[in-house]
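Novice: Handing you this structure, nothing more for now.
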Amino acid sequence: MELEPQKRISKQALKVWKISAVILVVIGWLINAVAIFLVNSFEGPDWVWMILIVLGVIFTFLHIFLFPSLRWRQWRYEVREEEIEIAQGIFIRTRTLIPMIRVQHVDMVQGPLLRKYQLASVIINTAATKHEIPALDESEAEELRFFISKLARVADEDV
């Protein structure tokens, strides 16, 4: 069995993922507040809103503090002449091999948060699927995009 990929994504990914989690948590708390209001309006039992608050606190902790750091620690990738390997996953570990011969095109994307932190994601497209290497430094993402497209052209010419 080959060694796991060694290259990591940018440490700045943690900030972006935490900010995204804060947005998700705020939406969750708004929904939670509506549920608590409805329980109190219809004179539901007190334990229902207490459970909603406890679940909200747990959800907040997991999504803002725990999951981003675990996700960052597990994310690895490696680009080789014949293939691209991606390893990811917190609870279910996934290792994906993408043969260079299957690569059709490579994109670099940036949303507003990624742009703010000078990060970009590289999307590798094959005929059937898309694979993403998230939150790389802009320059690294651009270099990787060109490198993969060059290797994919060479692999295509060899066929």
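Residue numbering restarts at 1 for every chain of the structure tokens, chains are lettered A, B, ... in their displayed order, and ligands are numbered from 1 as they appear.
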Residues of chain A in strand (DSSP E or B) according to DSSP, as a ChimeraX atom specification?

Specialist: /A:7,76-79,83-88,94-99,105-109,119-125,130-137

Novice: Near A:Gln6, within 8 Å and counting only C-alpha atoms, which residues show up once chain neighbours fewer than 2 positions away are dropped, as a PyMOL selection string?

Specialist: chain A and resi 4+8+76-78

Novice: Those residues you just picked out, can you put them in a file as an mmCIF file, in the first residue's frame with C-alpha atoms?

Specialist:
```cif
data_model
loop_
_atom_site.group_PDB
_atom_site.id
_atom_site.type_symbol
_atom_site.label_atom_id
_atom_site.label_comp_id
_atom_site.auth_asym_id
_atom_site.auth_seq_id
_atom_site.Cartn_x
_atom_site.Cartn_y
_atom_site.Cartn_z
ATOM 1 C CA GLU A 4 -0.847 8.713 2.068
ATOM 2 C CA ARG A 8 -1.725 19.935 2.756
ATOM 3 C CA ARG A 76 -4.158 15.763 1.844
ATOM 4 C CA TYR A 77 -3.411 15.637 -1.870
ATOM 5 C CA GLU A 78 -0.604 14.589 -4.171
#
```

Novice: Smallest atom-to-atom distance to A:Ile124: which of A:Ile86, A:Ala141, A:Val26, A:Val106, using only C-alpha atoms?

Specialist: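 Smallest separation from A:Ile124 among the options: A:Val106.
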
Novice: Would you kindly return, as a PyMOL selection string, each protein, DNA or RNA residue with an atom no farther than 8 Å from any atom of A:Leu151, considering only C-alpha atoms and excluding same-chain residues fewer than 3 positions away?

Specialist: chain A and resi 81-82+100+147-148+154-155

Novice: DSSP on the backbone: which residues in chain A end up as alpha helix (DSSP H)? Give the answer as number ranges by chain.

Specialist: A: 13-41, 46-61, 67-74, 112-116, 138-158

Novice: What does the structure give for the distance between atom CA of A:Arg93 and atom CA of A:Gln118, in Å to one decimal?

Specialist: 28.0 Å

Novice: Would you mind telling me which residue in A:Pro99, A:Gly56, A:Pro45, A:Gly89 lies nearest to A:Pro68 when using only C-alpha atoms?

Specialist: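 Counting only C-alpha atoms, the residue closest to A:Pro68 is A:Gly89.
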
Novice: Check the smallest atom-to-atom distance from each of A:Ala33, A:Glu43, A:Val54, A:Arg145 to A:Val109 using only C-alpha atoms, then report the winner.

Specialist: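 Counting only C-alpha atoms, the residue closest to A:Val109 is A:Arg145.
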
Novice: Using atom CA of A:His105 and atom CA of A:Ala87 as the two end points, give the distance in Å to one decimal.

Specialist: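 A separation of 20.5 Å between them.
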